[in-house]
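**Student:** This is my_file.cif (mmCIF, C-alpha atoms).
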data_query
loop_
_atom_site.label_atom_id
_atom_site.label_comp_id
_atom_site.auth_asym_id
_atom_site.auth_seq_id
_atom_site.Cartn_x
_atom_site.Cartn_y
_atom_site.Cartn_z
CA MET A 1402 20.57 23.83 -1.09
CA GLY A 1403 18.32 20.89 -0.39
CA LEU A 1404 15.27 19.61 1.44
CA ALA A 1405 16.08 18.54 5.00
CA ALA A 1406 14.49 17.44 8.25
CA PRO A 1407 14.10 20.48 10.56
CA GLU A 1408 16.55 19.19 13.18
CA GLN A 1409 19.23 18.47 10.55
CA ALA A 1410 18.83 21.53 8.32
CA THR A 1411 21.43 24.23 7.71
CA SER A 1412 20.85 27.83 6.66
CA GLU A 1413 21.12 26.70 3.04
CA ASP A 1414 18.31 24.13 3.35
CA VAL A 1415 14.55 24.07 2.93
CA VAL A 1416 12.09 22.54 5.40
CA ALA A 1417 8.40 21.89 4.72
CA VAL A 1418 5.71 21.49 7.36
CA SER A 1419 2.10 20.35 7.20
CA GLY A 1420 -0.18 21.47 10.02
CA THR A 1421 0.28 23.71 13.01
CA ALA A 1422 1.89 21.07 15.23
CA TRP A 1423 5.21 21.41 13.36
CA LEU A 1424 5.33 25.20 13.04
CA SER A 1425 7.39 25.75 16.20
CA VAL A 1426 9.84 23.03 15.11
CA ALA A 1427 10.30 24.69 11.72
CA LYS A 1428 10.71 28.11 13.30
CA ALA A 1429 13.43 26.86 15.66
CA SER A 1430 15.25 25.11 12.82
CA PRO A 1431 18.39 26.69 11.30
CA ALA A 1432 16.82 26.25 7.83
CA GLY A 1433 16.81 29.38 5.70
CA THR A 1434 13.53 28.59 3.91
CA VAL A 1435 10.25 27.22 5.25
CA VAL A 1436 7.39 25.96 3.06
CA LEU A 1437 4.00 26.02 4.79
CA ARG A 1438 0.30 26.31 4.11
CA ALA A 1439 -1.04 29.79 3.50
CA GLN A 1440 -3.65 29.22 6.20
CA ASP A 1441 -0.85 28.63 8.76
CA ARG A 1442 0.99 31.90 8.00
CA ASP A 1443 -0.46 33.88 10.92
CA ALA A 1444 0.13 31.03 13.35
CA TYR A 1445 3.80 30.90 12.30
CA GLY A 1446 4.39 34.48 13.44
CA ASP A 1447 7.43 36.61 12.66
CA ALA A 1448 9.46 35.23 9.75
CA GLU A 1449 12.67 36.61 11.33
CA ASP A 1450 15.59 35.68 9.05
CA LYS A 1451 13.74 32.94 7.14
CA THR A 1452 12.16 33.02 3.69
CA LEU A 1453 8.58 31.73 3.83
CA ILE A 1454 6.98 30.05 0.82
CA LEU A 1455 3.20 29.71 1.06
CA VAL A 1456 1.22 27.01 -0.77
CA ASP A 1457 -2.46 26.17 -0.83
CA ASP A 1458 -2.08 22.64 0.56
CA ALA A 1459 0.27 19.64 1.03
CA PRO A 1460 3.55 21.61 1.47
CA LEU A 1461 5.63 18.54 2.29
CA ARG A 1462 4.39 16.52 -0.68
CA ARG A 1463 4.79 19.44 -3.09
CA THR A 1464 8.33 20.16 -1.88
CA LEU A 1465 9.33 16.50 -2.03
CA GLU A 1466 8.11 16.33 -5.62
CA ILE A 1467 10.40 19.24 -6.53
CA PHE A 1468 13.49 17.76 -4.88
CA ALA A 1469 12.83 14.10 -5.79
CA ILE A 1470 15.47 12.33 -7.84
CA LYS A 1471 13.98 11.85 -11.28
CA GLU A 1472 14.15 8.28 -12.53
CA ASP A 1473 15.56 7.64 -15.97
CA GLN A 1474 12.75 6.92 -18.38
CA PRO A 1475 13.50 3.63 -20.17
CA ASP A 1476 13.60 3.60 -23.92
CA PHE A 1477 10.29 3.02 -25.66
CA GLY A 1478 9.95 -0.37 -27.31
CA VAL A 1479 10.82 -3.97 -26.55
CA HIS A 1480 14.24 -5.07 -25.33
CA PRO A 1481 15.79 -7.81 -27.52
CA SER A 1482 15.90 -10.27 -24.60
CA ALA A 1483 12.18 -9.87 -23.76
CA VAL A 1484 9.71 -12.58 -24.82
CA VAL A 1485 6.43 -11.07 -25.99
CA ASP A 1486 3.78 -13.38 -27.43
CA SER A 1487 2.69 -12.40 -30.93
CA SER A 1488 -0.96 -12.25 -29.84
CA ALA A 1489 -0.29 -9.69 -27.08
CA SER A 1490 -1.57 -6.15 -27.60
CA LEU A 1491 0.83 -3.28 -26.90
CA GLY A 1492 -0.27 0.37 -26.58
CA ARG A 1493 1.67 3.44 -27.62
CA ASP A 1494 4.97 4.31 -25.91
CA VAL A 1495 5.23 1.01 -24.05
CA CYS A 1496 8.60 0.17 -22.45
CA ILE A 1497 9.47 -3.50 -22.05
CA GLY A 1498 12.82 -4.17 -20.39
CA PRO A 1499 15.30 -7.05 -20.38
CA PHE A 1500 14.08 -10.62 -19.75
CA VAL A 1501 10.42 -9.61 -19.46
CA GLN A 1502 7.73 -12.16 -20.41
CA VAL A 1503 4.34 -11.17 -21.82
CA GLY A 1504 1.89 -14.02 -22.35
CA PRO A 1505 -0.66 -14.78 -25.08
CA GLY A 1506 -3.57 -12.37 -25.37
CA ALA A 1507 -2.18 -9.95 -22.78
CA SER A 1508 -3.03 -6.27 -23.22
CA LEU A 1509 -0.76 -3.35 -22.24
CA GLY A 1510 -2.17 0.18 -22.23
CA ASP A 1511 -0.37 3.29 -23.45
CA GLY A 1512 2.79 4.17 -21.56
CA VAL A 1513 3.00 0.92 -19.57
CA VAL A 1514 6.50 0.16 -18.23
CA LEU A 1515 7.63 -3.41 -17.55
CA GLU A 1516 11.01 -3.42 -15.81
CA SER A 1517 13.57 -6.20 -16.08
CA GLY A 1518 12.41 -9.70 -15.21
CA SER A 1519 8.75 -8.84 -14.72
CA ARG A 1520 6.09 -11.21 -16.05
CA VAL A 1521 2.58 -10.72 -17.42
CA GLY A 1522 0.39 -13.81 -17.76
CA ALA A 1523 -1.94 -14.88 -20.51
CA ARG A 1524 -4.92 -12.57 -21.13
CA ALA A 1525 -3.85 -10.20 -18.33
CA ARG A 1526 -4.67 -6.51 -18.80
CA ILE A 1527 -2.67 -3.48 -17.64
CA GLY A 1528 -4.07 0.06 -17.72
CA ALA A 1529 -2.28 3.08 -19.14
CA ARG A 1530 0.91 4.33 -17.44
CA THR A 1531 1.04 1.52 -14.89
CA ARG A 1532 4.50 0.26 -13.99
CA LEU A 1533 5.70 -3.22 -13.01
CA ARG A 1534 8.99 -2.98 -11.16
CA SER A 1535 11.72 -5.58 -11.51
CA HIS A 1536 10.51 -9.17 -11.11
CA ALA A 1537 6.91 -8.24 -10.35
CA ILE A 1538 4.37 -10.79 -11.55
CA LEU A 1539 0.85 -10.36 -12.90
CA GLY A 1540 -0.94 -13.69 -13.27
CA ARG A 1541 -3.19 -14.94 -16.05
CA ASP A 1542 -6.53 -13.18 -16.59
CA CYS A 1543 -5.77 -10.57 -13.92
CA GLU A 1544 -6.32 -6.86 -14.41
CA LEU A 1545 -4.50 -3.73 -13.20
CA GLY A 1546 -5.94 -0.23 -13.56
CA GLU A 1547 -4.25 2.94 -14.75
CA ASP A 1548 -1.40 4.90 -13.11
CA GLY A 1549 -0.50 2.15 -10.64
CA THR A 1550 2.73 0.58 -9.43
CA LEU A 1551 3.47 -3.06 -8.75
CA HIS A 1552 6.72 -2.95 -6.79
CA GLU A 1553 9.65 -5.35 -6.87
CA HIS A 1554 8.78 -9.05 -6.45
CA ALA A 1555 5.10 -8.34 -5.78
CA VAL A 1556 2.73 -11.03 -7.07
CA VAL A 1557 -0.84 -10.46 -8.25
CA GLY A 1558 -2.79 -13.57 -9.15
CA GLY A 1559 -0.91 -16.34 -7.39
CA GLU A 1560 -2.88 -19.42 -6.39
CA GLY A 1561 -4.94 -18.90 -3.24
CA PHE A 1562 -4.46 -20.99 -0.11
CA GLY A 1563 -7.23 -23.50 -0.79
CA PHE A 1564 -7.04 -27.27 -0.21
CA ASP A 1565 -9.39 -30.24 0.09
CA TYR A 1566 -8.74 -31.95 3.41
CA ALA A 1567 -9.77 -35.38 4.66
CA PRO A 1568 -8.64 -36.97 7.96
CA GLY A 1569 -5.51 -39.05 7.49
CA GLN A 1570 -5.29 -38.20 3.78
CA PRO A 1571 -2.96 -35.95 1.80
CA ALA A 1572 -4.34 -32.48 1.16
CA HIS A 1573 -5.32 -31.75 -2.44
CA ARG A 1574 -4.91 -28.25 -3.84
CA LEU A 1575 -8.09 -26.67 -5.20
CA PRO A 1576 -7.64 -25.12 -8.66
CA HIS A 1577 -8.48 -21.43 -8.50
CA LEU A 1578 -10.62 -20.33 -11.43
CA GLY A 1579 -11.00 -16.66 -10.48
CA ALA A 1580 -8.65 -13.77 -11.08
CA VAL A 1581 -7.64 -10.46 -9.44
CA CYS A 1582 -8.97 -7.05 -10.47
CA ILE A 1583 -7.26 -3.90 -9.10
CA GLY A 1584 -8.45 -0.34 -9.76
CA ASP A 1585 -6.60 2.84 -10.74
CA ARG A 1586 -3.74 4.58 -8.89
CA PHE A 1587 -2.89 1.56 -6.76
CA GLU A 1588 0.44 0.75 -5.11
CA LEU A 1589 1.37 -2.78 -4.10
CA GLY A 1590 4.59 -2.89 -2.10
CA VAL A 1591 7.71 -5.03 -2.33
CA GLN A 1592 7.02 -8.78 -1.94
CA SER A 1593 3.32 -8.26 -1.28
CA CYS A 1594 0.82 -10.74 -2.69
CA VAL A 1595 -2.81 -10.69 -3.83
CA ASP A 1596 -4.21 -14.18 -4.42
CA ARG A 1597 -6.64 -15.02 -7.19
CA GLY A 1598 -10.17 -16.06 -6.26
CA LEU A 1599 -11.44 -19.62 -6.14
CA LEU A 1600 -14.62 -19.14 -8.17
CA THR A 1601 -15.01 -15.33 -8.13
CA ASN A 1602 -12.40 -12.59 -8.46
CA THR A 1603 -10.41 -11.03 -5.65
CA THR A 1604 -11.05 -7.30 -6.06
CA ILE A 1605 -9.26 -4.13 -4.95
CA GLY A 1606 -10.69 -0.65 -5.58
CA HIS A 1607 -9.19 2.67 -6.65
CA ASP A 1608 -6.45 4.60 -4.81
CA VAL A 1609 -5.51 1.67 -2.58
CA LYS A 1610 -2.02 1.78 -1.04
CA ILE A 1611 -0.55 -1.50 0.22
CA ASP A 1612 2.84 -1.53 1.92
CA ASN A 1613 5.64 -4.13 1.71
CA LEU A 1614 5.17 -7.75 2.82
CA CYS A 1615 1.37 -7.66 2.89
CA GLN A 1616 -1.13 -10.39 1.96
CA VAL A 1617 -4.62 -10.24 0.48
CA GLY A 1618 -6.24 -13.68 0.44
CA HIS A 1619 -8.43 -15.29 -2.19
CA ASN A 1620 -11.95 -13.88 -2.76
CA ALA A 1621 -11.25 -10.86 -0.54
CA LYS A 1622 -12.93 -7.55 -1.40
CA VAL A 1623 -10.97 -4.35 -0.72
CA GLY A 1624 -12.71 -1.02 -1.27
CA ASP A 1625 -11.44 2.38 -2.41
CA ARG A 1626 -8.72 4.36 -0.59
CA VAL A 1627 -7.83 1.50 1.76
CA ARG A 1628 -4.37 1.64 3.36
CA MET A 1629 -2.51 -1.44 4.57
CA SER A 1630 0.77 -0.96 6.45
CA GLY A 1631 3.69 -3.38 6.36
CA MET A 1632 3.09 -7.04 7.24
CA SER A 1633 -0.67 -6.62 7.52
CA GLY A 1634 -2.94 -9.27 6.05
CA VAL A 1635 -6.49 -9.92 4.92
CA ALA A 1636 -7.64 -13.54 4.93
CA GLY A 1637 -9.80 -15.14 2.27
CA SER A 1638 -13.38 -13.95 1.68
CA SER A 1639 -13.03 -11.01 4.07
CA VAL A 1640 -14.10 -7.46 3.19
CA LEU A 1641 -12.41 -4.11 3.79
CA GLU A 1642 -14.84 -1.35 2.91
CA ASP A 1643 -13.81 2.10 1.64
CA ASP A 1644 -11.28 4.15 3.66
CA VAL A 1645 -10.31 1.36 6.05
CA VAL A 1646 -6.81 1.56 7.57
CA LEU A 1647 -4.79 -1.45 8.77
CA ALA A 1648 -1.76 -0.51 10.87
CA GLY A 1649 1.44 -2.57 10.80
CA ALA A 1650 1.03 -6.34 11.24
CA ALA A 1651 -2.74 -6.09 11.70
CA ILE A 1652 -4.59 -9.24 10.62
CA VAL A 1653 -8.20 -9.74 9.51
CA LYS A 1654 -9.54 -13.31 9.66
CA ASP A 1655 -11.58 -14.91 6.90
CA HIS A 1656 -15.27 -14.03 6.30
CA VAL A 1657 -15.05 -10.84 8.39
CA THR A 1658 -16.12 -7.34 7.31
CA VAL A 1659 -14.32 -4.19 8.43
CA HIS A 1660 -16.82 -1.46 7.66
CA GLN A 1661 -16.19 1.91 6.06
CA GLY A 1662 -13.63 4.20 7.64
CA ALA A 1663 -12.63 1.87 10.48
CA THR A 1664 -9.02 1.73 11.71
CA ILE A 1665 -7.30 -1.38 13.03
CA GLY A 1666 -4.35 -0.81 15.36
CA MET A 1667 -0.86 -2.26 15.08
CA ASP A 1668 -0.46 -6.00 15.80
CA SER A 1669 -4.22 -6.50 16.14
CA CYS A 1670 -6.16 -9.60 15.12
CA VAL A 1671 -9.72 -8.98 13.91
CA ILE A 1672 -12.00 -11.98 14.41
CA SER A 1673 -15.42 -10.29 14.17
CA ASP A 1674 -17.04 -7.52 12.12
CA VAL A 1675 -15.88 -3.98 12.91
CA PRO A 1676 -18.48 -1.17 12.78
CA ALA A 1677 -17.97 1.82 10.48
CA GLY A 1678 -15.63 4.54 11.70
CA GLU A 1679 -14.45 2.79 14.85
CA VAL A 1680 -10.87 2.22 16.04
CA TRP A 1681 -10.14 -1.32 17.24
CA SER A 1682 -6.97 -2.71 18.80
CA GLY A 1683 -5.60 -5.82 20.45
CA SER A 1684 -5.73 -9.55 19.91
CA PRO A 1685 -8.52 -10.37 19.66
CA ALA A 1686 -9.34 -6.86 18.45
CA ARG A 1687 -11.98 -4.84 20.28
CA PRO A 1688 -12.84 -1.14 20.57
CA HIS A 1689 -9.69 0.81 21.38
CA ARG A 1690 -10.89 2.22 24.73
CA GLN A 1691 -11.94 -1.25 25.84
CA PHE A 1692 -8.51 -2.56 24.83
CA LEU A 1693 -6.78 0.17 26.89
CA ARG A 1694 -8.96 -0.61 29.92
CA SER A 1695 -8.11 -4.30 29.69
CA VAL A 1696 -4.38 -3.54 29.49
CA ALA A 1697 -4.64 -1.25 32.53
CA PHE A 1698 -6.54 -3.92 34.45
CA ILE A 1699 -3.90 -6.56 33.68
CA ASN A 1700 -1.15 -4.18 34.80
CA ARG A 1701 -2.95 -3.48 38.07
CA LEU A 1702 -3.54 -7.19 38.61
CA ALA A 1703 0.15 -7.95 38.06
CA LYS A 1704 1.20 -5.27 40.55
CA SER A 1705 -1.17 -6.63 43.17
CA LYS A 1706 0.43 -10.10 43.18
CA PRO A 1707 2.65 -10.92 46.20
CA GLY A 1708 6.34 -10.43 45.52
CA HIS A 1709 5.78 -7.96 42.70
CA SER A 1710 8.31 -5.15 42.47
CA SER A 1711 7.97 -2.25 40.05
#
Can you give me the file's structure in the form of structure tokens?
**Tutor:**
Amino acid sequence: MGLAAPEQATSEDVVAVSGTAWLSVAKASPAGTVVLRAQDRDAYGDAEDKTLILVDDAPLRRTLEIFAIKEDQPDFGVHPSAVVDSSASLGRDVCIGPFVQVGPGASLGDGVVLESGSRVGARARIGARTRLRSHAILGRDCELGEDGTLHEHAVVGGEGFGFDYAPGQPAHRLPHLGAVCIGDRFELGVQSCVDRGLLTNTTIGHDVKIDNLCQVGHNAKVGDRVRMSGMSGVAGSSVLEDDVVLAGAAIVKDHVTVHQGATIGMDSCVISDVPAGEVWSGSPARPHRQFLRSVAFINRLAKSKPGHSS
């Protein structure tokens, strides 16, 4: 017995569906057990030969949590190969794995886990129960909230992309004096980076979920509950207000504000402020309906050219 996708399930399996759109798919599935919201029970109809399990909300998430493979909890304490500065502060039940480095004055909250090869810079602070996966890096003076995850090879607090340019002269890197502050319950995906600020801190709010291969530039401000899909990026000094969504490979240029609840479509490039709650797409990004009209116009124009064949 296991959790399966509806189209791949057998009579021994469980499927879980969220929302009415998937009810017919679950009903047609060979699965012997269906987990669904109590409010969707009537819409599902006759249970036939299936066992129905009703939950208040989030049936897929709740079922996944039951069937998820439980990770081995590392042993509490400090691995012999780890290098922990004597001035660092360690909370209760901290786990520090092989070849980890913890710098001077760093502070680790209760239950923090540092997996093999991860690094915590001088005076950095990590909230309770946050986990740094293998080879993740937290730079000097940076701060992570509670119950977060910094995934493999992610970097928080690297130097921002700031240089002093003069015509015909070599570029000189500008020392970045700021740090990075990230709130509680964050996730920063594999090989994603958040750069430290030049003079002020780069900040990220609570409950922010950032996918793999993403970039947040120096001095950027990211609000609460923001979601950034893979390969999306936020340039320096730009602002993402609360509940903003960036689809895959969406880019926001520097000194631009995406206001609360706005959504930026896949592969879009934002070069001007986006009003609250709107959906923008394209490059350059504009309101989604306007983008669709422009695409339709270009298609009609192409078909009208002599020699065109569809």
**Student:** Quick one: apply the PyMOL selection byres ((chain A and resi 1634) around 12) to the file and drop the selected residues here as an mmCIF file with C-alpha atoms, in the coordinates of the input.
**Tutor:**
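To be explicit, this is the file written out as selection-v9.cif:
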data_model
loop_
_atom_site.group_PDB
_atom_site.id
_atom_site.type_symbol
_atom_site.label_atom_id
_atom_site.label_comp_id
_atom_site.auth_asym_id
_atom_site.auth_seq_id
_atom_site.Cartn_x
_atom_site.Cartn_y
_atom_site.Cartn_z
ATOM 1 C CA SER A 1593 3.320 -8.260 -1.280
ATOM 2 C CA CYS A 1594 0.820 -10.740 -2.690
ATOM 3 C CA VAL A 1595 -2.810 -10.690 -3.830
ATOM 4 C CA ASP A 1596 -4.210 -14.180 -4.420
ATOM 5 C CA ILE A 1611 -0.550 -1.500 0.220
ATOM 6 C CA ASP A 1612 2.840 -1.530 1.920
ATOM 7 C CA ASN A 1613 5.640 -4.130 1.710
ATOM 8 C CA LEU A 1614 5.170 -7.750 2.820
ATOM 9 C CA CYS A 1615 1.370 -7.660 2.890
ATOM 10 C CA GLN A 1616 -1.130 -10.390 1.960
ATOM 11 C CA VAL A 1617 -4.620 -10.240 0.480
ATOM 12 C CA GLY A 1618 -6.240 -13.680 0.440
ATOM 13 C CA HIS A 1619 -8.430 -15.290 -2.190
ATOM 14 C CA ALA A 1621 -11.250 -10.860 -0.540
ATOM 15 C CA VAL A 1623 -10.970 -4.350 -0.720
ATOM 16 C CA ARG A 1628 -4.370 1.640 3.360
ATOM 17 C CA MET A 1629 -2.510 -1.440 4.570
ATOM 18 C CA SER A 1630 0.770 -0.960 6.450
ATOM 19 C CA GLY A 1631 3.690 -3.380 6.360
ATOM 20 C CA MET A 1632 3.090 -7.040 7.240
ATOM 21 C CA SER A 1633 -0.670 -6.620 7.520
ATOM 22 C CA VAL A 1635 -6.490 -9.920 4.920
ATOM 23 C CA ALA A 1636 -7.640 -13.540 4.930
ATOM 24 C CA GLY A 1637 -9.800 -15.140 2.270
ATOM 25 C CA SER A 1639 -13.030 -11.010 4.070
ATOM 26 C CA VAL A 1640 -14.100 -7.460 3.190
ATOM 27 C CA LEU A 1641 -12.410 -4.110 3.790
ATOM 28 C CA VAL A 1646 -6.810 1.560 7.570
ATOM 29 C CA LEU A 1647 -4.790 -1.450 8.770
ATOM 30 C CA ALA A 1648 -1.760 -0.510 10.870
ATOM 31 C CA GLY A 1649 1.440 -2.570 10.800
ATOM 32 C CA ALA A 1650 1.030 -6.340 11.240
ATOM 33 C CA ALA A 1651 -2.740 -6.090 11.700
ATOM 34 C CA ILE A 1652 -4.590 -9.240 10.620
ATOM 35 C CA VAL A 1653 -8.200 -9.740 9.510
ATOM 36 C CA LYS A 1654 -9.540 -13.310 9.660
ATOM 37 C CA ASP A 1655 -11.580 -14.910 6.900
ATOM 38 C CA ILE A 1665 -7.300 -1.380 13.030
ATOM 39 C CA MET A 1667 -0.860 -2.260 15.080
ATOM 40 C CA ASP A 1668 -0.460 -6.000 15.800
ATOM 41 C CA SER A 1669 -4.220 -6.500 16.140
ATOM 42 C CA CYS A 1670 -6.160 -9.600 15.120
ATOM 43 C CA VAL A 1671 -9.720 -8.980 13.910
#
**Student:** Could you list as a PyMOL selection string every residue that has an atom within 7 Å of (-16.9, -1.2, 3.7), using the file's coordinates and counting all atoms listed in the file?
**Tutor:** chain A and resi 1624+1640-1643+1659-1661
**Student:** So what does the PyMOL selection byres ((chain A and resi 1488-1500) around 8) actually pick up in this one, as a PyMOL selection string?
**Tutor:** chain A and resi 1475-1487+1501-1519
**Student:** Using C-alpha atoms, can you write the selected residues to a file as a PDB file, in the coordinates of the input?
**Tutor:**
ATOM      1  CA  PRO A1475      13.500   3.630 -20.170  1.00  0.00           C
ATOM      2  CA  ASP A1476      13.600   3.600 -23.920  1.00  0.00           C
ATOM      3  CA  PHE A1477      10.290   3.020 -25.660  1.00  0.00           C
ATOM      4  CA  GLY A1478       9.950  -0.370 -27.310  1.00  0.00           C
ATOM      5  CA  VAL A1479      10.820  -3.970 -26.550  1.00  0.00           C
ATOM      6  CA  HIS A1480      14.240  -5.070 -25.330  1.00  0.00           C
ATOM      7  CA  PRO A1481      15.790  -7.810 -27.520  1.00  0.00           C
ATOM      8  CA  SER A1482      15.900 -10.270 -24.600  1.00  0.00           C
ATOM      9  CA  ALA A1483      12.180  -9.870 -23.760  1.00  0.00           C
ATOM     10  CA  VAL A1484       9.710 -12.580 -24.820  1.00  0.00           C
ATOM     11  CA  VAL A1485       6.430 -11.070 -25.990  1.00  0.00           C
ATOM     12  CA  ASP A1486       3.780 -13.380 -27.430  1.00  0.00           C
ATOM     13  CA  SER A1487       2.690 -12.400 -30.930  1.00  0.00           C
ATOM     14  CA  VAL A1501      10.420  -9.610 -19.460  1.00  0.00           C
ATOM     15  CA  GLN A1502       7.730 -12.160 -20.410  1.00  0.00           C
ATOM     16  CA  VAL A1503       4.340 -11.170 -21.820  1.00  0.00           C
ATOM     17  CA  GLY A1504       1.890 -14.020 -22.350  1.00  0.00           C
ATOM     18  CA  PRO A1505      -0.660 -14.780 -25.080  1.00  0.00           C
ATOM     19  CA  GLY A1506      -3.570 -12.370 -25.370  1.00  0.00           C
ATOM     20  CA  ALA A1507      -2.180  -9.950 -22.780  1.00  0.00           C
ATOM     21  CA  SER A1508      -3.030  -6.270 -23.220  1.00  0.00           C
ATOM     22  CA  LEU A1509      -0.760  -3.350 -22.240  1.00  0.00           C
ATOM     23  CA  GLY A1510      -2.170   0.180 -22.230  1.00  0.00           C
ATOM     24  CA  ASP A1511      -0.370   3.290 -23.450  1.00  0.00           C
ATOM     25  CA  GLY A1512       2.790   4.170 -21.560  1.00  0.00           C
ATOM     26  CA  VAL A1513       3.000   0.920 -19.570  1.00  0.00           C
ATOM     27  CA  VAL A1514       6.500   0.160 -18.230  1.00  0.00           C
ATOM     28  CA  LEU A1515       7.630  -3.410 -17.550  1.00  0.00           C
ATOM     29  CA  GLU A1516      11.010  -3.420 -15.810  1.00  0.00           C
ATOM     30  CA  SER A1517      13.570  -6.200 -16.080  1.00  0.00           C
ATOM     31  CA  GLY A1518      12.410  -9.700 -15.210  1.00  0.00           C
ATOM     32  CA  SER A1519       8.750  -8.840 -14.720  1.00  0.00           C
TER      33      SER A1519
END
**Student:** Using only C-alpha atoms, which residues sit within 7 Å of A:Val1680 once same-chain residues fewer than 5 positions away are excluded, as a ChimeraX atom specification?
**Tutor:** /A:1663-1665,1688-1689
**Student:** What lies within 12 Å of stretch 1558-1561 of chain A using all atoms listed in the file, ignoring chain neighbours under 4 positions off, as an MDAnalysis selection string?
**Tutor:** chainID A and resid 1520:1523 1525 1537:1545 1574:1583 1593:1604 1616:1621 1636:1638
**Student:** Kindly give the distance, in Å, that separates atom CA of A:Arg1526 and atom CA of A:Asp1644, rounded to a single decimal.
**Tutor:**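 Between atom CA of A:Arg1526 and atom CA of A:Asp1644 the gap works out to 25.7 Å.
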